[in-house]
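Structure file run_13.pdb (PDB, C-alpha atoms, pLDDT in the B column) follows.
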```pdb
MODEL        1
ATOM      1  CA  MET A   1      -7.398 -14.325 -22.893  1.00 58.00           C
ATOM      2  CA  ASN A   2      -6.080 -10.834 -22.173  1.00 71.00           C
ATOM      3  CA  LYS A   3      -6.297  -9.706 -18.574  1.00 85.00           C
ATOM      4  CA  LYS A   4      -9.043  -7.070 -18.369  1.00 95.00           C
ATOM      5  CA  ALA A   5      -9.800  -4.269 -15.927  1.00 97.00           C
ATOM      6  CA  PHE A   6     -13.404  -3.198 -15.307  1.00 98.00           C
ATOM      7  CA  ILE A   7     -13.456   0.313 -13.858  1.00 98.00           C
ATOM      8  CA  PHE A   8     -16.657   1.828 -12.488  1.00 98.00           C
ATOM      9  CA  ASP A   9     -17.572   5.400 -11.705  1.00 97.00           C
ATOM     10  CA  LEU A  10     -19.600   5.710  -8.491  1.00 95.00           C
ATOM     11  CA  ASP A  11     -22.278   8.410  -8.657  1.00 89.00           C
ATOM     12  CA  GLY A  12     -24.885   7.595 -11.296  1.00 90.00           C
ATOM     13  CA  VAL A  13     -23.360   4.210 -12.159  1.00 96.00           C
ATOM     14  CA  ILE A  14     -23.275   2.237  -8.898  1.00 97.00           C
ATOM     15  CA  VAL A  15     -25.430   4.425  -6.669  1.00 95.00           C
ATOM     16  CA  ASP A  16     -27.698   7.380  -7.271  1.00 87.00           C
ATOM     17  CA  THR A  17     -26.073   9.782  -4.831  1.00 83.00           C
ATOM     18  CA  ALA A  18     -26.218  12.385  -7.617  1.00 78.00           C
ATOM     19  CA  LYS A  19     -29.640  13.405  -6.251  1.00 86.00           C
ATOM     20  CA  TYR A  20     -28.058  14.193  -2.864  1.00 90.00           C
ATOM     21  CA  HIS A  21     -25.307  16.244  -4.512  1.00 90.00           C
ATOM     22  CA  PHE A  22     -28.009  18.168  -6.385  1.00 94.00           C
ATOM     23  CA  ILE A  23     -30.012  18.906  -3.216  1.00 95.00           C
ATOM     24  CA  ALA A  24     -26.864  20.056  -1.388  1.00 96.00           C
ATOM     25  CA  TRP A  25     -25.695  22.288  -4.266  1.00 97.00           C
ATOM     26  CA  GLN A  26     -29.189  23.683  -4.754  1.00 97.00           C
ATOM     27  CA  GLN A  27     -29.225  24.759  -1.092  1.00 96.00           C
ATOM     28  CA  ILE A  28     -25.999  26.718  -1.592  1.00 97.00           C
ATOM     29  CA  ALA A  29     -27.270  28.240  -4.856  1.00 97.00           C
ATOM     30  CA  THR A  30     -30.594  29.285  -3.303  1.00 96.00           C
ATOM     31  CA  GLN A  31     -28.909  31.078  -0.401  1.00 95.00           C
ATOM     32  CA  LEU A  32     -26.807  32.968  -2.975  1.00 96.00           C
ATOM     33  CA  GLY A  33     -29.886  33.895  -5.004  1.00 96.00           C
ATOM     34  CA  ILE A  34     -28.872  31.662  -7.915  1.00 96.00           C
ATOM     35  CA  GLU A  35     -31.424  29.542  -9.748  1.00 95.00           C
ATOM     36  CA  PHE A  36     -29.973  26.041 -10.062  1.00 97.00           C
ATOM     37  CA  THR A  37     -31.970  23.429 -11.982  1.00 94.00           C
ATOM     38  CA  LEU A  38     -31.585  19.707 -12.723  1.00 92.00           C
ATOM     39  CA  HIS A  39     -30.540  20.747 -16.226  1.00 91.00           C
ATOM     40  CA  ASP A  40     -27.762  22.934 -14.744  1.00 93.00           C
ATOM     41  CA  ASN A  41     -26.740  19.977 -12.573  1.00 91.00           C
ATOM     42  CA  GLU A  42     -25.648  18.073 -15.709  1.00 85.00           C
ATOM     43  CA  LEU A  43     -22.671  20.476 -15.859  1.00 88.00           C
ATOM     44  CA  LEU A  44     -21.426  19.148 -12.504  1.00 88.00           C
ATOM     45  CA  LYS A  45     -21.401  15.440 -13.369  1.00 79.00           C
ATOM     46  CA  GLY A  46     -17.950  13.936 -12.900  1.00 70.00           C
ATOM     47  CA  VAL A  47     -16.557  17.341 -11.861  1.00 80.00           C
ATOM     48  CA  SER A  48     -14.669  18.087  -8.622  1.00 81.00           C
ATOM     49  CA  ARG A  49     -16.346  19.849  -5.710  1.00 87.00           C
ATOM     50  CA  VAL A  50     -14.213  22.992  -6.126  1.00 92.00           C
ATOM     51  CA  ARG A  51     -14.942  23.260  -9.857  1.00 91.00           C
ATOM     52  CA  SER A  52     -18.657  22.541  -9.239  1.00 94.00           C
ATOM     53  CA  LEU A  53     -18.906  25.552  -6.933  1.00 96.00           C
ATOM     54  CA  ASP A  54     -17.149  27.737  -9.514  1.00 96.00           C
ATOM     55  CA  ILE A  55     -19.646  26.621 -12.184  1.00 96.00           C
ATOM     56  CA  ILE A  56     -22.602  27.540  -9.932  1.00 97.00           C
ATOM     57  CA  LEU A  57     -21.071  30.945  -9.154  1.00 97.00           C
ATOM     58  CA  GLU A  58     -20.489  31.507 -12.887  1.00 96.00           C
ATOM     59  CA  LEU A  59     -24.146  30.615 -13.602  1.00 95.00           C
ATOM     60  CA  GLY A  60     -25.251  33.301 -11.140  1.00 95.00           C
ATOM     61  CA  LYS A  61     -22.477  35.733 -12.128  1.00 95.00           C
ATOM     62  CA  VAL A  62     -21.454  35.818  -8.456  1.00 95.00           C
ATOM     63  CA  THR A  63     -17.891  36.606  -7.350  1.00 95.00           C
ATOM     64  CA  ALA A  64     -16.721  35.444  -3.935  1.00 95.00           C
ATOM     65  CA  SER A  65     -13.641  35.403  -1.731  1.00 96.00           C
ATOM     66  CA  GLN A  66     -11.721  32.176  -1.184  1.00 96.00           C
ATOM     67  CA  GLU A  67     -12.841  32.306   2.447  1.00 97.00           C
ATOM     68  CA  ASP A  68     -16.507  32.291   1.414  1.00 96.00           C
ATOM     69  CA  LYS A  69     -15.883  29.554  -1.134  1.00 97.00           C
ATOM     70  CA  ASN A  70     -14.237  27.350   1.504  1.00 97.00           C
ATOM     71  CA  LYS A  71     -17.178  27.923   3.851  1.00 97.00           C
ATOM     72  CA  TRP A  72     -19.706  26.909   1.161  1.00 97.00           C
ATOM     73  CA  LEU A  73     -17.661  23.851   0.166  1.00 96.00           C
ATOM     74  CA  ILE A  74     -17.710  22.624   3.779  1.00 96.00           C
ATOM     75  CA  GLN A  75     -21.427  23.361   4.087  1.00 97.00           C
ATOM     76  CA  LYS A  76     -22.199  21.500   0.847  1.00 95.00           C
ATOM     77  CA  ASN A  77     -20.255  18.443   1.966  1.00 91.00           C
ATOM     78  CA  GLU A  78     -21.894  18.380   5.396  1.00 94.00           C
ATOM     79  CA  THR A  79     -25.363  18.521   3.816  1.00 94.00           C
ATOM     80  CA  TYR A  80     -24.413  15.743   1.384  1.00 90.00           C
ATOM     81  CA  LEU A  81     -22.910  13.558   4.133  1.00 88.00           C
ATOM     82  CA  SER A  82     -26.062  13.911   6.239  1.00 92.00           C
ATOM     83  CA  TYR A  83     -27.932  12.024   3.480  1.00 88.00           C
ATOM     84  CA  LEU A  84     -25.300   9.275   3.274  1.00 87.00           C
ATOM     85  CA  VAL A  85     -25.810   8.278   6.916  1.00 87.00           C
ATOM     86  CA  THR A  86     -28.987   6.368   6.046  1.00 87.00           C
ATOM     87  CA  MET A  87     -27.604   4.632   2.931  1.00 90.00           C
ATOM     88  CA  ASP A  88     -27.833   0.859   2.512  1.00 92.00           C
ATOM     89  CA  GLU A  89     -27.921  -1.714  -0.317  1.00 93.00           C
ATOM     90  CA  ARG A  90     -31.284  -0.309  -1.477  1.00 91.00           C
ATOM     91  CA  GLU A  91     -29.336   2.665  -2.884  1.00 91.00           C
ATOM     92  CA  LEU A  92     -27.601   0.430  -5.470  1.00 96.00           C
ATOM     93  CA  LEU A  93     -28.822   1.221  -8.965  1.00 96.00           C
ATOM     94  CA  PRO A  94     -30.760  -1.600 -10.670  1.00 96.00           C
ATOM     95  CA  GLY A  95     -28.573  -4.014 -12.643  1.00 97.00           C
ATOM     96  CA  ILE A  96     -25.229  -3.116 -11.102  1.00 97.00           C
ATOM     97  CA  LEU A  97     -25.010  -5.941  -8.548  1.00 97.00           C
ATOM     98  CA  PRO A  98     -25.544  -8.737 -11.131  1.00 97.00           C
ATOM     99  CA  ILE A  99     -22.718  -7.222 -13.228  1.00 97.00           C
ATOM    100  CA  LEU A 100     -20.316  -7.126 -10.256  1.00 98.00           C
ATOM    101  CA  LYS A 101     -21.272 -10.708  -9.278  1.00 97.00           C
ATOM    102  CA  PHE A 102     -20.762 -11.960 -12.847  1.00 96.00           C
ATOM    103  CA  LEU A 103     -17.342 -10.287 -13.109  1.00 96.00           C
ATOM    104  CA  LYS A 104     -16.274 -11.683  -9.732  1.00 96.00           C
ATOM    105  CA  ALA A 105     -17.468 -15.194 -10.653  1.00 95.00           C
ATOM    106  CA  ASN A 106     -15.320 -14.977 -13.791  1.00 94.00           C
ATOM    107  CA  ASN A 107     -12.227 -13.762 -11.902  1.00 95.00           C
ATOM    108  CA  GLN A 108     -12.206 -10.371 -13.592  1.00 96.00           C
ATOM    109  CA  LYS A 109     -10.396  -7.424 -12.017  1.00 97.00           C
ATOM    110  CA  ILE A 110     -12.666  -4.641 -10.722  1.00 98.00           C
ATOM    111  CA  ALA A 111     -11.786  -1.082  -9.708  1.00 98.00           C
ATOM    112  CA  LEU A 112     -13.582   2.076  -8.696  1.00 98.00           C
ATOM    113  CA  GLY A 113     -12.584   5.304 -10.455  1.00 97.00           C
ATOM    114  CA  SER A 114     -14.511   8.172  -8.916  1.00 94.00           C
ATOM    115  CA  ALA A 115     -14.154  11.867  -8.109  1.00 86.00           C
ATOM    116  CA  SER A 116     -16.026  11.256  -4.841  1.00 86.00           C
ATOM    117  CA  LYS A 117     -14.058  11.665  -1.617  1.00 85.00           C
ATOM    118  CA  ASN A 118     -16.688   9.554   0.163  1.00 87.00           C
ATOM    119  CA  ALA A 119     -16.368   6.469  -2.039  1.00 92.00           C
ATOM    120  CA  ARG A 120     -15.221   3.959   0.602  1.00 93.00           C
ATOM    121  CA  PRO A 121     -17.988   4.669   3.135  1.00 91.00           C
ATOM    122  CA  ILE A 122     -20.573   4.476   0.334  1.00 93.00           C
ATOM    123  CA  LEU A 123     -19.257   1.097  -0.872  1.00 96.00           C
ATOM    124  CA  GLU A 124     -19.233  -0.139   2.737  1.00 95.00           C
ATOM    125  CA  LYS A 125     -22.760   1.061   3.470  1.00 94.00           C
ATOM    126  CA  THR A 126     -24.136  -0.533   0.300  1.00 96.00           C
ATOM    127  CA  GLY A 127     -22.343  -3.824   1.065  1.00 96.00           C
ATOM    128  CA  ILE A 128     -20.218  -4.085  -2.092  1.00 98.00           C
ATOM    129  CA  LEU A 129     -16.744  -3.016  -0.944  1.00 97.00           C
ATOM    130  CA  ASN A 130     -15.437  -6.592  -1.207  1.00 97.00           C
ATOM    131  CA  TYR A 131     -16.099  -6.679  -4.972  1.00 98.00           C
ATOM    132  CA  PHE A 132     -13.378  -4.108  -5.644  1.00 98.00           C
ATOM    133  CA  ASP A 133      -9.716  -5.040  -6.116  1.00 98.00           C
ATOM    134  CA  ALA A 134      -8.695  -1.367  -6.222  1.00 98.00           C
ATOM    135  CA  ILE A 135     -10.239   1.965  -5.298  1.00 98.00           C
ATOM    136  CA  VAL A 136      -9.136   5.309  -6.711  1.00 97.00           C
ATOM    137  CA  ASP A 137     -11.213   8.263  -5.543  1.00 94.00           C
ATOM    138  CA  GLY A 138     -11.049  12.014  -5.036  1.00 89.00           C
ATOM    139  CA  ASN A 139      -8.520  11.570  -2.226  1.00 91.00           C
ATOM    140  CA  ASP A 140      -6.005   9.960  -4.610  1.00 93.00           C
ATOM    141  CA  VAL A 141      -6.022  12.262  -7.624  1.00 92.00           C
ATOM    142  CA  THR A 142      -5.149  15.886  -8.316  1.00 90.00           C
ATOM    143  CA  ASN A 143      -6.781  16.224 -11.744  1.00 91.00           C
ATOM    144  CA  ALA A 144     -10.540  15.912 -12.233  1.00 86.00           C
ATOM    145  CA  LYS A 145     -12.198  14.271 -15.235  1.00 90.00           C
ATOM    146  CA  PRO A 146     -12.019  14.779 -18.235  1.00 92.00           C
ATOM    147  CA  ASP A 147      -8.372  14.339 -17.238  1.00 95.00           C
ATOM    148  CA  PRO A 148      -7.854  10.541 -17.314  1.00 97.00           C
ATOM    149  CA  GLU A 149      -5.732  10.401 -14.115  1.00 97.00           C
ATOM    150  CA  VAL A 150      -8.337   8.531 -12.027  1.00 97.00           C
ATOM    151  CA  PHE A 151      -8.698   5.748 -14.634  1.00 98.00           C
ATOM    152  CA  LEU A 152      -4.973   5.539 -15.376  1.00 98.00           C
ATOM    153  CA  GLN A 153      -4.308   5.031 -11.652  1.00 98.00           C
ATOM    154  CA  ALA A 154      -7.026   2.380 -11.418  1.00 98.00           C
ATOM    155  CA  ALA A 155      -5.626   0.386 -14.369  1.00 98.00           C
ATOM    156  CA  ARG A 156      -2.107   0.681 -12.923  1.00 98.00           C
ATOM    157  CA  LYS A 157      -3.292  -0.576  -9.531  1.00 97.00           C
ATOM    158  CA  LEU A 158      -4.884  -3.586 -11.233  1.00 97.00           C
ATOM    159  CA  GLY A 159      -1.773  -4.196 -13.339  1.00 96.00           C
ATOM    160  CA  VAL A 160      -3.691  -4.000 -16.623  1.00 97.00           C
ATOM    161  CA  GLU A 161      -2.858  -2.055 -19.810  1.00 96.00           C
ATOM    162  CA  ASN A 162      -5.091   0.872 -20.734  1.00 97.00           C
ATOM    163  CA  GLU A 163      -6.323  -0.766 -23.944  1.00 96.00           C
ATOM    164  CA  ASN A 164      -7.545  -3.753 -21.885  1.00 97.00           C
ATOM    165  CA  SER A 165      -9.494  -1.517 -19.507  1.00 98.00           C
ATOM    166  CA  ILE A 166     -13.254  -0.950 -19.683  1.00 98.00           C
ATOM    167  CA  VAL A 167     -14.838   2.084 -18.042  1.00 98.00           C
ATOM    168  CA  PHE A 168     -18.493   2.454 -16.979  1.00 98.00           C
ATOM    169  CA  GLU A 169     -19.509   6.120 -16.782  1.00 97.00           C
ATOM    170  CA  ASP A 170     -22.598   8.324 -16.713  1.00 93.00           C
ATOM    171  CA  SER A 171     -20.920  11.687 -17.382  1.00 91.00           C
ATOM    172  CA  VAL A 172     -19.542  13.340 -20.516  1.00 92.00           C
ATOM    173  CA  ALA A 173     -16.338  14.245 -18.627  1.00 91.00           C
ATOM    174  CA  GLY A 174     -15.919  10.605 -17.567  1.00 95.00           C
ATOM    175  CA  ILE A 175     -16.441   9.249 -21.082  1.00 97.00           C
ATOM    176  CA  GLN A 176     -13.915  11.775 -22.431  1.00 97.00           C
ATOM    177  CA  ALA A 177     -11.430  10.731 -19.724  1.00 97.00           C
ATOM    178  CA  ALA A 178     -11.799   7.052 -20.649  1.00 98.00           C
ATOM    179  CA  ASN A 179     -11.414   7.795 -24.368  1.00 98.00           C
ATOM    180  CA  THR A 180      -8.322   9.938 -23.736  1.00 98.00           C
ATOM    181  CA  ALA A 181      -6.833   7.037 -21.743  1.00 98.00           C
ATOM    182  CA  ASN A 182      -7.409   4.728 -24.751  1.00 98.00           C
ATOM    183  CA  MET A 183      -9.875   2.623 -22.746  1.00 98.00           C
ATOM    184  CA  ILE A 184     -13.230   1.189 -23.845  1.00 98.00           C
ATOM    185  CA  SER A 185     -15.962   3.584 -22.678  1.00 98.00           C
ATOM    186  CA  ILE A 186     -19.439   2.414 -21.729  1.00 98.00           C
ATOM    187  CA  GLY A 187     -21.967   5.186 -21.189  1.00 98.00           C
ATOM    188  CA  ILE A 188     -24.878   4.692 -18.802  1.00 97.00           C
ATOM    189  CA  GLY A 189     -27.561   7.236 -19.647  1.00 94.00           C
ATOM    190  CA  GLU A 190     -28.894   9.200 -22.593  1.00 92.00           C
ATOM    191  CA  LYS A 191     -27.484   8.606 -26.085  1.00 95.00           C
ATOM    192  CA  GLU A 192     -27.813  12.316 -26.946  1.00 94.00           C
ATOM    193  CA  ILE A 193     -25.544  13.267 -24.032  1.00 92.00           C
ATOM    194  CA  LEU A 194     -23.069  10.354 -23.982  1.00 96.00           C
ATOM    195  CA  PHE A 195     -22.659   9.985 -27.766  1.00 97.00           C
ATOM    196  CA  GLU A 196     -18.832   9.910 -27.463  1.00 98.00           C
ATOM    197  CA  ALA A 197     -18.940   6.533 -25.664  1.00 98.00           C
ATOM    198  CA  ASN A 198     -18.008   3.291 -27.472  1.00 98.00           C
ATOM    199  CA  TYR A 199     -21.206   1.669 -26.171  1.00 98.00           C
ATOM    200  CA  ILE A 200     -24.274   3.289 -24.592  1.00 98.00           C
ATOM    201  CA  PHE A 201     -26.985   1.754 -22.405  1.00 98.00           C
ATOM    202  CA  GLU A 202     -29.945   3.566 -20.912  1.00 96.00           C
ATOM    203  CA  ASP A 203     -29.268   1.838 -17.593  1.00 96.00           C
ATOM    204  CA  SER A 204     -27.308  -1.123 -16.220  1.00 97.00           C
ATOM    205  CA  THR A 205     -30.268  -3.523 -16.449  1.00 97.00           C
ATOM    206  CA  GLN A 206     -29.780  -3.464 -20.243  1.00 97.00           C
ATOM    207  CA  ILE A 207     -26.219  -4.779 -19.982  1.00 97.00           C
ATOM    208  CA  GLY A 208     -26.482  -8.543 -20.354  1.00 94.00           C
ATOM    209  CA  THR A 209     -23.913 -11.158 -19.338  1.00 94.00           C
ATOM    210  CA  GLU A 210     -23.335 -11.987 -23.033  1.00 95.00           C
ATOM    211  CA  PHE A 211     -22.127  -8.429 -23.632  1.00 97.00           C
ATOM    212  CA  ILE A 212     -19.854  -8.495 -20.550  1.00 95.00           C
ATOM    213  CA  GLU A 213     -18.465 -11.879 -21.604  1.00 93.00           C
ATOM    214  CA  LYS A 214     -17.698 -10.531 -25.080  1.00 93.00           C
ATOM    215  CA  LEU A 215     -15.725  -7.698 -23.453  1.00 93.00           C
ATOM    216  CA  PHE A 216     -13.427  -9.928 -21.439  1.00 88.00           C
ATOM    217  CA  LYS A 217     -12.966 -12.481 -24.248  1.00 83.00           C
ATOM    218  CA  ASN A 218     -12.019  -9.918 -26.917  1.00 80.00           C
TER
ENDMDL
END
```

Rewrite the structure from the file as structure tokens, please.
Amino acid sequence: MNKKAFIFDLDGVIVDTAKYHFIAWQQIATQLGIEFTLHDNELLKGVSRVRSLDIILELGKVTASQEDKNKWLIQKNETYLSYLVTMDERELLPGILPILKFLKANNQKIALGSASKNARPILEKTGILNYFDAIVDGNDVTNAKPDPEVFLQAARKLGVENENSIVFEDSVAGIQAANTANMISIGIGEKEILFEANYIFEDSTQIGTEFIEKLFKN
């Protein structure tokens, strides 16, 4: 059996902190007089904080100095972090814990590959840090998805070849990054949005152990 690496994105795959990002970004947008909807928020999935702000400013056709941008980036993060304080295992998305438990029971290698700079505290607060053999987050990479850097680092840390790596993602940028890295991409979300993925599930509860077993036996 080939050694496999199972690499998970964080926001929207393991936990639903995407809603907190949205609230925090919407606050910034509102104070700048920019309408920012849930539909607009799709553009920010899997994208770095700096690029996310630029996208919002572009939506509102607003130009700003670097000083202002830095101020808003800090403000956004502080608002977001204020929501994380109360996080616990109830924030885990349905179906994800059984997958992690099944992989661990079968001695599979597990990594996190996320743009979030708050990944470790989130994994700690939700009680699943010990499931991960490697963590690569926004503090470790210079290139945001769809650049595959985060997944390439994760596979390298686990000592597994790219073609034996399986990525779970909820964003278009993340799926593109996995595909570019020659990894198997599993989309969690809407088929219409994540159509580039090798496999697509509406949510993690639809991913059965038989499917996971097939992945690490192939």

query = Can you list what the PyMOL selection byres ((chain A and resi 82-98) around 8) grabs from this structure, as a ChimeraX atom specification?
reply = /A:12-16,20,78-81,99-102,122,125-127,203-207

Do you know which residues the PyMOL selection byres ((chain A and resi 45-52) around 7) returns on this file, as a PDB file with C-alpha atoms, in the coordinates of the input?
```
ATOM      1  CA  GLU A  42     -25.648  18.073 -15.709  1.00 85.00           C
ATOM      2  CA  LEU A  43     -22.671  20.476 -15.859  1.00 88.00           C
ATOM      3  CA  LEU A  44     -21.426  19.148 -12.504  1.00 88.00           C
ATOM      4  CA  LEU A  53     -18.906  25.552  -6.933  1.00 96.00           C
ATOM      5  CA  ASP A  54     -17.149  27.737  -9.514  1.00 96.00           C
ATOM      6  CA  ILE A  55     -19.646  26.621 -12.184  1.00 96.00           C
ATOM      7  CA  ILE A  56     -22.602  27.540  -9.932  1.00 97.00           C
ATOM      8  CA  ALA A 115     -14.154  11.867  -8.109  1.00 86.00           C
ATOM      9  CA  ALA A 144     -10.540  15.912 -12.233  1.00 86.00           C
ATOM     10  CA  LYS A 145     -12.198  14.271 -15.235  1.00 90.00           C
ATOM     11  CA  SER A 171     -20.920  11.687 -17.382  1.00 91.00           C
ATOM     12  CA  ALA A 173     -16.338  14.245 -18.627  1.00 91.00           C
ATOM     13  CA  GLY A 174     -15.919  10.605 -17.567  1.00 95.00           C
TER      14      GLY A 174
END
```

message = Can you spell out as a ChimeraX atom specification the set of residues that the PyMOL selection byres ((chain A and resi 38) around 10) selects in the structure I just provided?
response = /A:19,22-23,26,36-37,39-43

Distance in Å - CA of Asp9 (chain A) versus CA of Lys76 (chain A) = 20.9 Å

Extending 4 Å beyond the listed atoms of region 127-130 of chain A on each side, what axis-aligned box results? I want centre and edge lengths in Å to one decimal, as AutoDock Vina command-line options.
```
--center_x -18.9 --center_y -4.8 --center_z -0.5 --size_x 14.9 --size_y 11.6 --size_z 11.2
```

remark   = note - CA of Ala155 (chain A) and CA of Tyr131 (chain A) are separated by 15.7 Å

query = So which residues touch Leu32 (chain A) within 9 Å, counting only C-alpha atoms, skipping near sequence neighbours fewer than 4 positions away, as a PyMOL selection string?
reply = chain A and resi 27-28+57+60+62

query = Can you tell me how far CA of Val150 (chain A) sits from CA of Ala105 (chain A), in Å to one decimal?
reply =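 Here the two named atoms are 25.5 Å from each other.
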